[in-house]
>>> print(open('upload-v4.txt').read())   # compact mmCIF, C-alpha atoms
# COMPACT_ATOMS: atom_id res chain seq x y z
CA MET B 3 0.00 0.00 0.00
CA THR B 4 1.45 3.31 -0.99
CA THR B 5 0.30 6.66 0.29
CA SER B 6 -0.49 9.02 -2.54
CA SER B 7 -1.30 12.29 -0.93
CA ARG B 8 0.72 15.27 0.13
CA ARG B 9 -0.93 15.14 3.53
CA GLY B 10 1.52 12.64 5.01
CA ASN B 11 0.51 9.73 7.21
CA LEU B 12 -3.18 9.07 6.68
CA GLY B 13 -3.61 6.04 8.83
CA GLY B 14 -2.57 4.89 12.20
CA ASN B 15 -4.88 3.31 14.70
CA ARG B 16 -4.65 6.11 17.24
CA LYS B 17 -7.36 8.68 17.46
CA ARG B 18 -6.72 11.96 19.18
CA LYS B 19 -9.30 13.56 21.40
CA GLY B 20 -11.70 15.74 19.46
CA GLU B 21 -10.93 14.17 16.07
CA LYS B 22 -13.78 13.34 13.73
CA LYS B 23 -14.57 9.73 13.03
CA ARG B 24 -13.16 8.33 9.83
CA LEU B 25 -15.05 7.21 6.77
CA PHE B 26 -13.21 4.48 4.86
CA VAL B 27 -13.78 4.65 1.11
CA GLY B 28 -12.88 1.90 -1.35
CA ILE B 29 -12.79 2.61 -5.07
CA ASP B 30 -12.71 0.07 -7.86
CA PRO B 31 -11.78 2.30 -10.81
CA GLY B 32 -13.24 1.99 -14.27
CA LEU B 33 -16.39 2.86 -16.12
CA HIS B 34 -18.04 -0.18 -14.50
CA GLY B 35 -16.34 0.36 -11.15
CA GLY B 36 -17.79 1.20 -7.80
CA ILE B 37 -17.31 3.22 -4.64
CA CYS B 38 -18.11 2.14 -1.11
CA ALA B 39 -17.87 4.01 2.19
CA LEU B 40 -17.77 2.22 5.53
CA LEU B 41 -18.01 3.69 9.00
CA GLU B 42 -15.42 2.77 11.63
CA ASP B 43 -17.61 -0.10 12.86
CA GLY B 44 -17.94 -1.50 9.30
CA THR B 45 -21.49 -0.26 8.69
CA PRO B 46 -21.94 0.73 5.04
CA GLU B 47 -22.67 4.43 4.54
CA PHE B 48 -23.07 4.02 0.78
CA VAL B 49 -22.29 1.59 -2.03
CA LEU B 50 -22.60 3.14 -5.49
CA PRO B 51 -21.49 2.62 -9.07
CA LEU B 52 -18.88 5.21 -10.03
CA PRO B 53 -20.68 8.13 -11.69
CA VAL B 54 -20.10 8.25 -15.44
CA TYR B 55 -20.59 11.13 -17.86
CA GLU B 56 -19.84 10.96 -21.59
CA ASP B 57 -17.73 7.79 -21.39
CA SER B 58 -15.61 9.00 -18.46
CA ILE B 59 -15.84 9.39 -14.70
CA ASP B 60 -18.11 12.25 -13.66
CA VAL B 61 -15.68 13.92 -11.27
CA LEU B 62 -18.16 16.66 -10.35
CA GLU B 63 -20.77 14.16 -9.20
CA LEU B 64 -18.12 12.14 -7.35
CA ALA B 65 -16.90 15.29 -5.59
CA GLU B 66 -20.51 16.14 -4.67
CA VAL B 67 -21.12 12.68 -3.18
CA LEU B 68 -17.97 12.94 -1.06
CA SER B 69 -18.64 16.54 -0.03
CA ASP B 70 -21.87 15.42 1.64
CA TYR B 71 -19.70 13.62 4.23
CA LYS B 72 -16.70 15.96 4.54
CA GLY B 73 -17.94 17.92 7.55
CA GLN B 74 -18.95 14.81 9.46
CA TYR B 75 -15.96 12.54 8.82
CA ASP B 76 -12.32 12.47 7.98
CA ILE B 77 -12.44 10.63 4.67
CA VAL B 78 -9.64 8.24 3.79
CA ALA B 79 -9.81 6.36 0.50
CA MET B 80 -8.08 3.45 -1.18
CA ILE B 81 -8.03 3.23 -4.95
CA GLU B 82 -7.17 -0.03 -6.64
CA ASP B 83 -4.07 0.36 -8.82
CA ILE B 84 -4.49 0.00 -12.54
CA ILE B 85 -2.59 -2.97 -13.92
CA PRO B 86 -2.33 -3.42 -17.71
CA MET B 87 -3.69 -6.80 -18.71
CA PRO B 88 -2.26 -9.09 -21.38
CA ARG B 89 -3.79 -8.41 -24.81
CA GLN B 90 -5.26 -5.13 -23.54
CA GLY B 91 -4.97 -2.49 -26.22
CA VAL B 92 -3.05 0.74 -25.85
CA LYS B 93 -6.22 2.82 -26.08
CA SER B 94 -7.86 0.86 -23.27
CA THR B 95 -4.75 1.08 -21.10
CA VAL B 96 -4.52 4.84 -21.59
CA LYS B 97 -8.25 5.26 -20.82
CA ASN B 98 -7.88 3.28 -17.58
CA GLY B 99 -4.91 5.43 -16.62
CA PHE B 100 -6.91 8.57 -17.35
CA ILE B 101 -9.78 7.36 -15.14
CA HIS B 102 -7.39 6.48 -12.33
CA GLY B 103 -5.80 9.91 -12.58
CA ALA B 104 -9.20 11.63 -12.54
CA LEU B 105 -10.15 9.74 -9.37
CA ARG B 106 -6.88 10.65 -7.67
CA ALA B 107 -7.18 14.30 -8.68
CA THR B 108 -10.78 14.49 -7.45
CA LEU B 109 -9.85 13.09 -4.04
CA ASP B 110 -6.82 15.36 -3.78
CA LEU B 111 -8.69 18.50 -4.83
CA CYS B 112 -11.47 17.70 -2.35
CA GLY B 113 -8.89 17.45 0.42
CA HIS B 114 -9.25 13.73 1.09
CA GLY B 115 -6.33 11.47 1.86
CA PHE B 116 -5.93 8.36 -0.23
CA TYR B 117 -3.80 5.30 -0.78
CA ASN B 118 -3.19 3.17 -3.85
CA VAL B 119 -3.50 -0.55 -3.27
CA SER B 120 -2.67 -3.35 -5.67
CA PRO B 121 -5.35 -5.94 -6.40
CA LYS B 122 -3.01 -8.64 -5.13
CA GLU B 123 -2.52 -6.84 -1.81
CA TRP B 124 -6.16 -6.37 -0.85
CA GLN B 125 -7.21 -9.75 -2.31
CA SER B 126 -4.57 -11.60 -0.25
CA VAL B 127 -6.30 -10.37 2.91
CA MET B 128 -9.94 -10.09 1.92
CA LEU B 129 -10.24 -13.26 -0.15
CA ALA B 130 -7.98 -15.42 2.02
CA GLY B 131 -9.45 -18.80 2.80
CA LEU B 132 -11.83 -18.87 -0.16
CA ARG B 133 -10.78 -21.70 -2.44
CA ASN B 134 -13.26 -21.92 -5.30
CA GLY B 135 -14.05 -19.39 -8.00
CA THR B 136 -12.43 -16.45 -9.72
CA SER B 137 -11.30 -13.40 -7.75
CA LYS B 138 -14.47 -11.60 -8.92
CA GLU B 139 -16.69 -14.46 -7.67
CA LYS B 140 -14.86 -14.54 -4.34
CA SER B 141 -15.17 -10.77 -4.01
CA ILE B 142 -18.94 -11.05 -4.51
CA VAL B 143 -19.16 -13.67 -1.75
CA VAL B 144 -17.17 -11.52 0.70
CA ALA B 145 -18.98 -8.27 -0.16
CA SER B 146 -22.37 -9.97 0.19
CA ALA B 147 -21.39 -11.14 3.66
CA LEU B 148 -20.13 -7.67 4.62
CA VAL B 149 -22.94 -5.41 3.36
CA GLY B 150 -25.64 -7.71 1.99
CA ALA B 151 -26.20 -9.01 -1.53
CA ASP B 152 -28.81 -6.32 -2.20
CA LYS B 153 -26.20 -3.54 -1.82
CA ILE B 154 -24.01 -4.96 -4.61
CA ALA B 155 -26.78 -5.91 -7.02
CA THR B 156 -27.57 -4.30 -10.36
CA PRO B 157 -31.15 -3.15 -11.01
CA THR B 158 -31.79 -6.58 -12.55
CA GLY B 159 -30.63 -8.29 -9.35
CA ARG B 160 -27.34 -9.66 -10.65
CA PRO B 161 -24.19 -9.08 -8.58
CA HIS B 162 -22.07 -6.12 -9.74
CA ASP B 163 -18.40 -7.11 -9.42
CA GLY B 164 -17.24 -3.47 -9.42
CA LEU B 165 -19.39 -2.78 -6.36
CA ALA B 166 -18.20 -6.00 -4.73
CA ASP B 167 -14.56 -5.04 -5.26
CA ALA B 168 -15.22 -1.53 -3.90
CA VAL B 169 -16.75 -3.02 -0.73
CA CYS B 170 -13.76 -5.32 -0.27
CA ILE B 171 -11.29 -2.46 -0.84
CA ALA B 172 -13.16 -0.26 1.67
CA GLU B 173 -13.10 -3.07 4.24
CA TYR B 174 -9.40 -3.66 3.57
CA CYS B 175 -8.82 0.09 4.08
CA ARG B 176 -10.78 0.03 7.34
CA ARG B 177 -8.99 -3.01 8.72
CA THR B 178 -5.56 -1.80 7.67
CA LEU B 179 -5.91 1.69 9.09
CA LEU B 180 -7.54 0.50 12.30
CA GLY B 181 -4.82 -2.14 12.69
CA ASN B 182 -7.19 -5.09 12.38
CA GLU B 183 -6.16 -7.22 9.38
CA LYS B 184 -7.48 -10.47 10.85
CA GLU B 185 -9.04 -13.04 8.57
CA GLU B 186 -12.78 -13.56 8.67
CA ASP B 187 -14.78 -16.60 7.59
CA TYR B 188 -17.19 -15.75 4.80
>>> encode(input="upload-v4.txt", output="structure tokens")
Amino acid sequence: MTTSSRRGNLGGNRKRKGEKKRLFVGIDPGLHGGICALLEDGTPEFVLPLPVYEDSIDVLELAEVLSDYKGQYDIVAMIEDIIPMPRQGVKSTVKNGFIHGALRATLDLCGHGFYNVSPKEWQSVMLAGLRNGTSKEKSIVVASALVGADKIATPTGRPHDGLADAVCIAEYCRRTLLGNEKEEDY
């Protein structure tokens, strides 16, 4: 996990007197990605598809969603790193990089701390112990157990893997920054 904000150390499990509670945000980037915010006790505050406008991330809407919580909470986010995939075209790779950059810039301009986390890093903790299925299928199982299957479902009722990944990333963020990376049975 690498910190990617000019604001220094974002985590730590100590809370000073008078500090606001933290809101842990997980972001699965991409046009079909998701964003999830969890309270310190793990209660979901929101689970949403990333807002899209004209084939890109709607940074204004994203900033508006986050601004609704800024006065109440110290927001700390984790964004999944973009990893080029084999046989992925240059145009697609550049677009993914652009989306990732837009997400980072939005968080930074809104004054929120954030970390980048590799898929392998959060999956090694959050999907540990699950043997069968792809990483997306395992993520759906874990996210359903954490926030309920209804929170990660599309309007047609099918699981949305971008929302599931966002939930898992938010929970990984919460556990990591609260110093509680223990494995759970899902």
>>> residues_around(input="upload-v4.txt", residues="B:Ser58", least_positions_apart="6", cutoff="9 Å", atoms="all atoms listed in the file", output="short mmCIF file (atom, residue, chain, number, x, y, z; two decimals) with C-alpha atoms, in the frame of the given file")
data_model
loop_
_atom_site.label_atom_id
_atom_site.label_comp_id
_atom_site.auth_asym_id
_atom_site.auth_seq_id
_atom_site.Cartn_x
_atom_site.Cartn_y
_atom_site.Cartn_z
CA GLY B 32 -13.24 1.99 -14.27
CA LEU B 33 -16.39 2.86 -16.12
CA LYS B 97 -8.25 5.26 -20.82
CA PHE B 100 -6.91 8.57 -17.35
CA ILE B 101 -9.78 7.36 -15.14
#
>>> residues_around(input="upload-v4.txt", residues="stretch 83-91 of chain B", least_positions_apart="6", cutoff="12 Å", atoms="only C-alpha atoms", output="list in words")
Met3, Thr4, Thr5, Ser6, Gly28, Ile29, Asp30, Pro31, Gly32, Gly35, Lys97, Asn98, Gly99, Phe100, Ile101, His102, Gly103, Leu105, Arg106, Phe116, Tyr117, Asn118, Val119, Ser120, Pro121, Lys122, Glu123, Trp124 and Ile171 of chain B
>>> closest_residue(input="upload-v4.txt", among="B:Cys170, B:Val127, B:Leu165, B:Ala79", to="B:Pro51", atoms="all atoms listed in the file")
B:Leu165
>>> residues_around(input="upload-v4.txt", residues="B:Ala145", least_positions_apart="5", cutoff="8 Å", atoms="only C-alpha atoms", output="list in words")
Gly150, Ala151, Ile154, Ala166, Asp167, Val169 and Cys170 of chain B
>>> atom_distance(input="upload-v4.txt", atom1="atom CA of B:Lys22", atom2="atom CA of B:Glu82")
25.2 Å
